[in-house]
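Here's input.txt, which has compact mmCIF, C-alpha atoms:
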# COMPACT_ATOMS: atom_id res chain seq x y z
CA MET U 209 130.04 119.07 93.90
CA GLN U 210 127.23 121.59 93.54
CA SER U 211 125.71 119.35 90.87
CA GLY U 212 125.38 116.65 93.53
CA LEU U 213 123.37 119.01 95.71
CA TYR U 214 121.06 119.88 92.81
CA VAL U 215 120.54 116.22 91.96
CA GLY U 216 119.76 115.48 95.61
CA ILE U 217 117.20 118.29 95.76
CA SER U 218 115.49 117.06 92.57
CA SER U 219 115.35 113.56 94.05
CA GLN U 220 113.80 114.82 97.29
CA ILE U 221 111.14 116.74 95.38
CA ALA U 222 110.30 113.58 93.42
CA LEU U 223 110.20 111.46 96.59
CA GLU U 224 107.94 113.97 98.32
CA ARG U 225 105.47 113.73 95.44
CA ARG U 226 105.55 109.94 95.59
CA LEU U 227 105.03 110.11 99.35
CA ASN U 228 101.92 112.26 98.85
CA THR U 229 100.42 109.82 96.34
CA ILE U 230 101.07 106.87 98.68
CA ALA U 231 99.38 108.72 101.56
CA ASP U 232 96.38 109.51 99.32
CA ASN U 233 96.13 105.90 98.16
CA MET U 234 96.20 104.55 101.70
CA ALA U 235 93.61 107.09 102.85
CA ASN U 236 91.24 105.78 100.15
CA MET U 237 91.70 102.04 100.68
CA ASN U 238 88.01 101.76 101.59
CA THR U 239 86.67 104.21 98.98
CA VAL U 240 84.31 102.51 96.54
CA GLY U 241 85.64 102.49 92.98
CA PHE U 242 88.85 104.35 93.87
CA ARG U 243 91.76 103.86 91.47
CA SER U 244 95.19 104.40 92.95
CA THR U 245 97.56 107.08 91.71
CA GLU U 246 101.03 106.13 90.52
CA VAL U 247 103.86 108.46 89.53
CA LYS U 248 106.20 108.07 86.58
CA PHE U 249 109.59 109.76 86.89
CA ASP U 250 111.84 110.57 83.96
CA GLU U 251 115.55 111.30 83.84
CA VAL U 252 116.60 114.71 82.58
CA LEU U 253 120.19 115.23 81.42
CA SER U 254 121.65 118.65 82.22
CA LYS U 255 123.16 120.63 79.37
CA THR U 256 125.60 122.21 81.80
CA GLN U 257 129.21 121.73 80.72
CA ASN U 258 131.83 120.60 83.21
CA ASP U 259 135.56 119.96 83.22
CA ILE U 260 135.32 116.22 82.60
CA GLY U 261 132.52 116.40 80.05
CA ALA U 262 130.15 114.32 82.18
CA LYS U 263 126.40 114.67 81.88
CA VAL U 264 124.46 115.34 85.08
CA ALA U 265 121.16 113.45 85.41
CA PHE U 266 118.26 115.01 87.30
CA VAL U 267 114.89 113.53 88.23
CA THR U 268 111.71 115.20 86.99
CA GLN U 269 108.90 116.01 89.41
CA GLY U 270 106.96 113.12 87.89
CA ASN U 271 103.66 112.64 86.07
CA ASP U 272 100.62 111.17 87.80
CA TYR U 273 98.68 108.35 86.21
CA LEU U 274 95.88 106.08 87.36
CA SER U 275 96.37 102.39 87.91
CA THR U 276 94.13 100.37 85.61
CA ARG U 277 93.90 97.38 87.94
CA ASN U 278 90.29 96.53 88.76
CA GLY U 279 89.27 96.48 92.40
CA GLU U 280 87.66 93.48 94.06
CA MET U 281 83.95 92.95 93.35
CA GLN U 282 81.78 93.08 96.46
CA ARG U 283 78.26 91.67 96.36
CA THR U 284 75.61 93.88 98.00
CA GLY U 285 72.34 92.60 96.51
CA ASN U 286 71.12 96.20 96.17
CA PRO U 287 69.44 96.60 92.73
CA LEU U 288 70.80 100.15 92.48
CA ASP U 289 74.43 99.18 93.12
CA PHE U 290 76.55 98.67 90.01
CA ALA U 291 80.11 97.71 89.15
CA ILE U 292 81.99 97.73 85.86
CA LYS U 293 84.04 94.89 84.44
CA GLY U 294 86.73 96.49 82.29
CA ASN U 295 88.25 99.96 82.18
CA ALA U 296 85.17 102.05 81.40
CA TRP U 297 83.56 104.59 83.73
CA PHE U 298 80.12 105.80 84.72
CA ALA U 299 79.48 109.50 84.12
CA ILE U 300 77.74 111.96 86.43
CA ASP U 301 76.69 115.57 85.91
CA THR U 302 78.21 117.92 88.49
CA PRO U 303 78.66 121.71 88.86
CA ALA U 304 82.26 121.09 87.73
CA GLY U 305 81.05 119.40 84.54
CA GLN U 306 80.97 115.76 83.52
CA VAL U 307 82.82 113.57 85.99
CA LEU U 308 83.85 109.96 85.45
CA THR U 309 83.50 107.56 88.35
CA ARG U 310 83.72 103.86 89.20
CA ASP U 311 81.52 104.40 92.26
CA GLY U 312 78.24 102.70 91.34
CA ARG U 313 76.26 103.45 94.51
CA PHE U 314 73.19 104.97 92.88
CA THR U 315 69.77 105.96 94.19
CA MET U 316 66.44 106.96 92.69
CA ASP U 317 65.07 110.35 93.73
CA GLU U 318 61.41 111.25 94.22
CA LEU U 319 61.07 112.07 90.52
CA GLY U 320 62.59 108.77 89.39
CA GLN U 321 65.93 110.20 88.31
CA LEU U 322 69.00 108.04 88.89
CA ARG U 323 71.55 109.82 91.07
CA SER U 324 74.99 109.19 92.51
CA ILE U 325 75.62 108.91 96.22
CA ARG U 326 76.49 112.64 96.20
CA GLY U 327 73.17 113.48 94.55
CA TYR U 328 74.48 114.11 91.03
CA ALA U 329 72.53 112.93 87.97
CA VAL U 330 73.83 109.71 86.40
CA LEU U 331 74.17 110.02 82.62
CA ASP U 332 73.31 107.73 79.74
CA ALA U 333 75.55 107.19 76.70
CA GLY U 334 74.15 110.37 75.11
CA GLY U 335 75.10 112.47 78.13
CA ALA U 336 71.50 112.94 79.35
CA PRO U 337 70.26 112.25 82.90
CA ILE U 338 68.76 108.79 83.35
CA GLN U 339 65.03 108.92 84.08
CA LEU U 340 63.24 105.90 85.56
CA ASN U 341 59.62 105.22 86.48
CA ARG U 342 59.31 105.74 90.22
CA ASP U 343 56.31 103.39 90.31
CA GLY U 344 57.60 100.96 87.70
CA GLY U 345 59.07 98.45 90.11
CA PRO U 346 62.71 97.61 90.85
CA PRO U 347 64.97 98.02 87.82
CA THR U 348 66.97 95.17 86.34
CA VAL U 349 70.14 95.87 84.41
CA GLY U 350 71.88 93.58 81.96
CA SER U 351 75.58 93.40 81.24
CA ASP U 352 75.00 95.79 78.32
CA GLY U 353 73.73 98.46 80.74
CA ILE U 354 70.13 98.38 79.48
CA ILE U 355 67.76 99.23 82.35
CA ARG U 356 64.39 97.47 82.41
CA GLN U 357 61.31 97.90 84.57
CA ASN U 358 58.48 95.40 84.31
CA GLU U 359 60.62 93.72 81.63
CA GLN U 360 60.43 96.84 79.44
CA PRO U 361 63.59 98.81 78.53
CA VAL U 362 63.36 102.31 79.99
CA ALA U 363 66.94 103.64 79.89
CA SER U 364 70.59 102.67 79.61
CA LEU U 365 73.55 103.23 81.90
CA GLY U 366 76.21 105.17 80.06
CA LEU U 367 79.73 103.73 79.99
CA PHE U 368 82.58 106.01 78.94
CA THR U 369 86.28 105.79 78.23
CA ALA U 370 88.93 108.51 78.26
CA ASP U 371 92.71 108.67 77.97
CA VAL U 372 93.64 109.61 81.54
CA THR U 373 97.34 109.75 80.58
CA LYS U 374 96.65 113.13 78.99
CA GLY U 375 95.85 114.56 82.42
CA PHE U 376 93.16 114.44 85.09
CA VAL U 377 92.08 115.95 88.40
CA ARG U 378 90.30 114.21 91.25
CA HIS U 379 86.68 115.03 92.07
CA ASP U 380 85.03 113.75 95.23
CA ASN U 381 85.35 110.06 96.12
CA SER U 382 86.61 108.12 93.11
CA GLY U 383 85.59 110.67 90.48
CA VAL U 384 88.00 112.15 87.94
CA ILE U 385 87.76 114.97 85.41
CA THR U 386 89.90 114.17 82.38
CA VAL U 387 91.61 116.49 79.93
CA ASP U 388 90.69 114.04 77.17
CA THR U 389 86.99 114.27 76.26
CA PRO U 390 85.17 111.10 77.45
CA GLN U 391 83.74 108.95 74.68
CA PRO U 392 80.72 106.66 75.12
CA VAL U 393 81.18 102.91 74.83
CA LEU U 394 78.63 101.96 72.20
CA GLU U 395 79.41 98.28 71.80
CA GLY U 396 81.91 95.58 72.63
CA ILE U 397 82.52 92.93 75.25
CA GLU U 398 85.54 94.48 76.97
CA ASN U 399 83.33 96.51 79.32
CA SER U 400 80.14 95.34 81.02
CA VAL U 401 77.89 96.23 83.95
CA VAL U 402 77.23 94.00 86.95
CA GLN U 403 74.12 94.73 89.02
CA GLY U 404 74.05 94.21 92.79
CA TYR U 405 77.82 94.59 93.14
CA LEU U 406 80.27 97.37 93.98
CA GLU U 407 83.92 97.65 93.07
CA GLY U 408 86.32 98.18 95.95
CA ALA U 409 89.43 100.35 95.75
CA ASN U 410 92.28 98.81 93.78
CA VAL U 411 94.78 99.85 96.46
CA ASN U 412 97.07 97.10 97.74
CA GLY U 413 97.72 98.09 101.35
CA ILE U 414 100.77 95.87 101.79
CA ARG U 415 102.33 97.14 98.57
CA GLU U 416 101.70 100.77 99.52
CA MET U 417 103.17 100.25 103.00
CA THR U 418 106.27 98.63 101.49
CA GLN U 419 106.71 101.54 99.11
CA LEU U 420 106.21 103.99 101.97
CA ILE U 421 109.11 102.40 103.86
CA GLN U 422 111.28 102.42 100.73
CA VAL U 423 110.54 106.09 100.02
CA ASN U 424 111.33 107.11 103.60
CA ARG U 425 114.63 105.22 103.50
CA ALA U 426 115.55 106.75 100.15
CA PHE U 427 114.72 110.22 101.48
CA GLU U 428 116.96 109.68 104.50
CA SER U 429 119.81 108.34 102.32
CA ILE U 430 119.66 111.32 99.98
CA SER U 431 119.56 113.73 102.92
CA SER U 432 122.69 112.07 104.33
CA LEU U 433 124.46 112.28 100.95
CA MET U 434 123.55 115.96 100.62
CA ARG U 435 124.97 116.67 104.07
CA ASP U 436 128.19 114.87 103.16
CA SER U 437 128.42 116.75 99.86
CA GLU U 438 127.86 120.09 101.56
CA SER U 439 130.48 119.22 104.18
CA SER U 440 132.99 118.32 101.44
CA LEU U 441 132.26 121.62 99.70
CA ASP U 442 132.89 123.53 102.94
CA ASP U 443 136.17 121.67 103.47
CA ALA U 444 137.27 122.41 99.91
CA ILE U 445 136.52 126.11 100.34
CA LYS U 446 138.47 126.21 103.60
CA THR U 447 141.42 124.38 102.02
CA LEU U 448 141.51 126.63 98.96
CA GLY U 449 141.06 129.71 101.10
CA GLY U 450 143.99 128.64 103.28
CA SER U 451 146.26 127.98 100.27
CA ASN U 452 145.65 131.49 98.94
CA ALA U 453 146.43 133.10 102.25

Just give me the structure as structure tokens.
Amino acid sequence: MQSGLYVGISSQIALERRLNTIADNMANMNTVGFRSTEVKFDEVLSKTQNDIGAKVAFVTQGNDYLSTRNGEMQRTGNPLDFAIKGNAWFAIDTPAGQVLTRDGRFTMDELGQLRSIRGYAVLDAGGAPIQLNRDGGPPTVGSDGIIRQNEQPVASLGLFTADVTKGFVRHDNSGVITVDTPQPVLEGIENSVVQGYLEGANVNGIREMTQLIQVNRAFESISSLMRDSESSLDDAIKTLGGSNA
């Protein structure tokens, strides 16, 4: 009976983690380039022996991973707004190191350097800050990320990939810092840049709300089962205590 309590506690811990990710996803429904967090739970079989030889299954706390669904493209017409088709990322230089982001709201500072909305330098494929000509006219960017001013190539937007399943932490808006070292995308047609567009969050509000209801119901059901199990344990103790009297 105590095993039932332990299983219930492990389930509640897992559900609480899922609840936190749902709340974070819903809070960022309007965040440009945000990719929702999902949680994968695994079953762990206890090595504890019991009288009937049954294995007790527990739920792990879960591993976070990012959804790879692309968000909806939103046309802005701003020549310094960019979106990515595919699963690559832009890279920005921050005090925390290189951060990957799908937020393509860039600006040009007074020195002509391309910067993120937070003021961080946007990087090219070599990991260097992108420098433009402040007086060179509005930039045009092709699907390959090449930046041109007055029809002359001046720089290139860096696109990067990384295995986020190896671990990541959030950084500002839609940024992530990955355990896996980001690698530049040097060629290929799977990833491309679109100028004058932004990518919305890939959060499905209806889906998240449905999951929120399901998680709350599951939490309540497990709490009820744990109360019943604890009550049965108390009754058993009282009965055994009475029989020994």

*May I have the residues within 12 Å of Gly345 in chain U as a list of chain:residue names, using only C-alpha atoms and disregarding those fewer than 3 positions away in the same chain?*
U:Pro287, U:Met316, U:Gly320, U:Leu340, U:Asn341, U:Arg342, U:Thr348, U:Ile355, U:Arg356, U:Gln357, U:Asn358, U:Glu359, U:Gln360, U:Val362

Would you export the selected residues with C-alpha atoms as a compact mmCIF listing (two decimals), keeping the file's coordinate frame, please?
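The resulting file, result_29.txt, is reproduced below:
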# COMPACT_ATOMS: atom_id res chain seq x y z
CA PRO U 287 69.44 96.60 92.73
CA MET U 316 66.44 106.96 92.69
CA GLY U 320 62.59 108.77 89.39
CA LEU U 340 63.24 105.90 85.56
CA ASN U 341 59.62 105.22 86.48
CA ARG U 342 59.31 105.74 90.22
CA THR U 348 66.97 95.17 86.34
CA ILE U 355 67.76 99.23 82.35
CA ARG U 356 64.39 97.47 82.41
CA GLN U 357 61.31 97.90 84.57
CA ASN U 358 58.48 95.40 84.31
CA GLU U 359 60.62 93.72 81.63
CA GLN U 360 60.43 96.84 79.44
CA VAL U 362 63.36 102.31 79.99

Would you tabulate, counting all atoms listed in the file, all residues of range 258-328 of chain U that have an atom at most 10 Å from an atom of range 350-353 of chain U, showing the closest pair of atoms and their distance in Å to one decimal, sorted by chain then ascending number, as CSV?
residue,atom,partner,partner_atom,distance
U:Phe290,CA,U:Gly353,CA,9.7
U:Ile292,CA,U:Ser351,CA,9.0
U:Lys293,CA,U:Ser351,CA,9.2

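Between Asn238 in chain U and the candidates U:Asn286, U:Val402, U:Gly279, U:Pro392, the tightest atom-to-atom separation, counting all atoms listed in the file, involves U:Gly279.
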
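Rounded to one decimal, CA of Gly241 in chain U and CA of Leu288 in chain U lie 15.0 Å from each other.
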
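Here CA of Gly383 in chain U and CA of Ala231 in chain U stand 17.8 Å from one another.
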
*Nearest residue to Val387 in chain U from the set U:Gly366, U:Gly285, U:Gly344, U:Gly305 (distances using only C-alpha atoms)*: U:Gly305

*asked:* Calculated over only C-alpha atoms, which of the candidates U:Ala333, U:Met237, U:Ile430, U:Val411 has the smallest distance to Leu367 in chain U?
replied: U:Ala333

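Comparing the minimum interatomic distances between Thr276 in chain U and each of U:Asp317, U:Glu246, U:Asp388, U:Glu428, counting all atoms listed in the file, we find that U:Glu246 sits nearest.
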
What does range 372-390 of chain U look like written to a file with N, CA and C atoms, as a PDB file, in the first residue's frame?
ATOM      1  N   VAL U 372      18.920  20.193 -29.587  1.00  0.00           N
ATOM      2  CA  VAL U 372      18.365  20.686 -28.321  1.00  0.00           C
ATOM      3  C   VAL U 372      17.951  19.550 -27.395  1.00  0.00           C
ATOM      4  N   THR U 373      17.888  18.317 -27.903  1.00  0.00           N
ATOM      5  CA  THR U 373      17.518  17.184 -27.041  1.00  0.00           C
ATOM      6  C   THR U 373      18.610  16.871 -26.031  1.00  0.00           C
ATOM      7  N   LYS U 374      19.815  17.387 -26.258  1.00  0.00           N
ATOM      8  CA  LYS U 374      20.907  17.160 -25.318  1.00  0.00           C
ATOM      9  C   LYS U 374      20.850  18.103 -24.126  1.00  0.00           C
ATOM     10  N   GLY U 375      19.920  19.056 -24.170  1.00  0.00           N
ATOM     11  CA  GLY U 375      19.755  19.985 -23.053  1.00  0.00           C
ATOM     12  C   GLY U 375      19.792  21.430 -23.503  1.00  0.00           C
ATOM     13  N   PHE U 376      19.029  22.281 -22.824  1.00  0.00           N
ATOM     14  CA  PHE U 376      19.005  23.701 -23.151  1.00  0.00           C
ATOM     15  C   PHE U 376      18.450  24.482 -21.965  1.00  0.00           C
ATOM     16  N   VAL U 377      18.721  25.778 -21.970  1.00  0.00           N
ATOM     17  CA  VAL U 377      18.102  26.691 -21.006  1.00  0.00           C
ATOM     18  C   VAL U 377      17.557  27.883 -21.787  1.00  0.00           C
ATOM     19  N   ARG U 378      16.489  28.453 -21.282  1.00  0.00           N
ATOM     20  CA  ARG U 378      15.886  29.613 -21.932  1.00  0.00           C
ATOM     21  C   ARG U 378      16.724  30.862 -21.671  1.00  0.00           C
ATOM     22  N   HIS U 379      16.665  31.789 -22.627  1.00  0.00           N
ATOM     23  CA  HIS U 379      17.352  33.073 -22.462  1.00  0.00           C
ATOM     24  C   HIS U 379      16.524  34.161 -23.129  1.00  0.00           C
ATOM     25  N   ASP U 380      15.986  35.063 -22.307  1.00  0.00           N
ATOM     26  CA  ASP U 380      15.140  36.132 -22.840  1.00  0.00           C
ATOM     27  C   ASP U 380      14.055  35.544 -23.743  1.00  0.00           C
ATOM     28  N   ASN U 381      13.205  36.327 -24.249  1.00  0.00           N
ATOM     29  CA  ASN U 381      12.210  35.993 -25.269  1.00  0.00           C
ATOM     30  C   ASN U 381      12.255  34.547 -25.752  1.00  0.00           C
ATOM     31  N   SER U 382      12.583  34.339 -26.983  1.00  0.00           N
ATOM     32  CA  SER U 382      12.568  32.993 -27.567  1.00  0.00           C
ATOM     33  C   SER U 382      13.962  32.399 -27.656  1.00  0.00           C
ATOM     34  N   GLY U 383      14.939  33.005 -26.999  1.00  0.00           N
ATOM     35  CA  GLY U 383      16.312  32.527 -27.089  1.00  0.00           C
ATOM     36  C   GLY U 383      16.551  31.267 -26.262  1.00  0.00           C
ATOM     37  N   VAL U 384      17.491  30.442 -26.713  1.00  0.00           N
ATOM     38  CA  VAL U 384      17.905  29.259 -25.964  1.00  0.00           C
ATOM     39  C   VAL U 384      19.420  29.129 -26.027  1.00  0.00           C
ATOM     40  N   ILE U 385      19.988  28.615 -24.940  1.00  0.00           N
ATOM     41  CA  ILE U 385      21.404  28.263 -24.896  1.00  0.00           C
ATOM     42  C   ILE U 385      21.459  26.748 -24.834  1.00  0.00           C
ATOM     43  N   THR U 386      22.081  26.136 -25.806  1.00  0.00           N
ATOM     44  CA  THR U 386      22.083  24.668 -25.917  1.00  0.00           C
ATOM     45  C   THR U 386      23.366  24.064 -25.372  1.00  0.00           C
ATOM     46  N   VAL U 387      23.241  22.853 -24.833  1.00  0.00           N
ATOM     47  CA  VAL U 387      24.407  22.101 -24.389  1.00  0.00           C
ATOM     48  C   VAL U 387      25.240  21.701 -25.604  1.00  0.00           C
ATOM     49  N   ASP U 388      24.559  21.280 -26.657  1.00  0.00           N
ATOM     50  CA  ASP U 388      25.234  20.934 -27.908  1.00  0.00           C
ATOM     51  C   ASP U 388      25.748  22.207 -28.580  1.00  0.00           C
ATOM     52  N   THR U 389      26.980  22.191 -29.043  1.00  0.00           N
ATOM     53  CA  THR U 389      27.569  23.367 -29.687  1.00  0.00           C
ATOM     54  C   THR U 389      26.866  23.652 -31.019  1.00  0.00           C
ATOM     55  N   PRO U 390      26.327  24.856 -31.208  1.00  0.00           N
ATOM     56  CA  PRO U 390      25.650  25.185 -32.477  1.00  0.00           C
ATOM     57  C   PRO U 390      26.614  25.095 -33.656  1.00  0.00           C
TER      58      PRO U 390
END
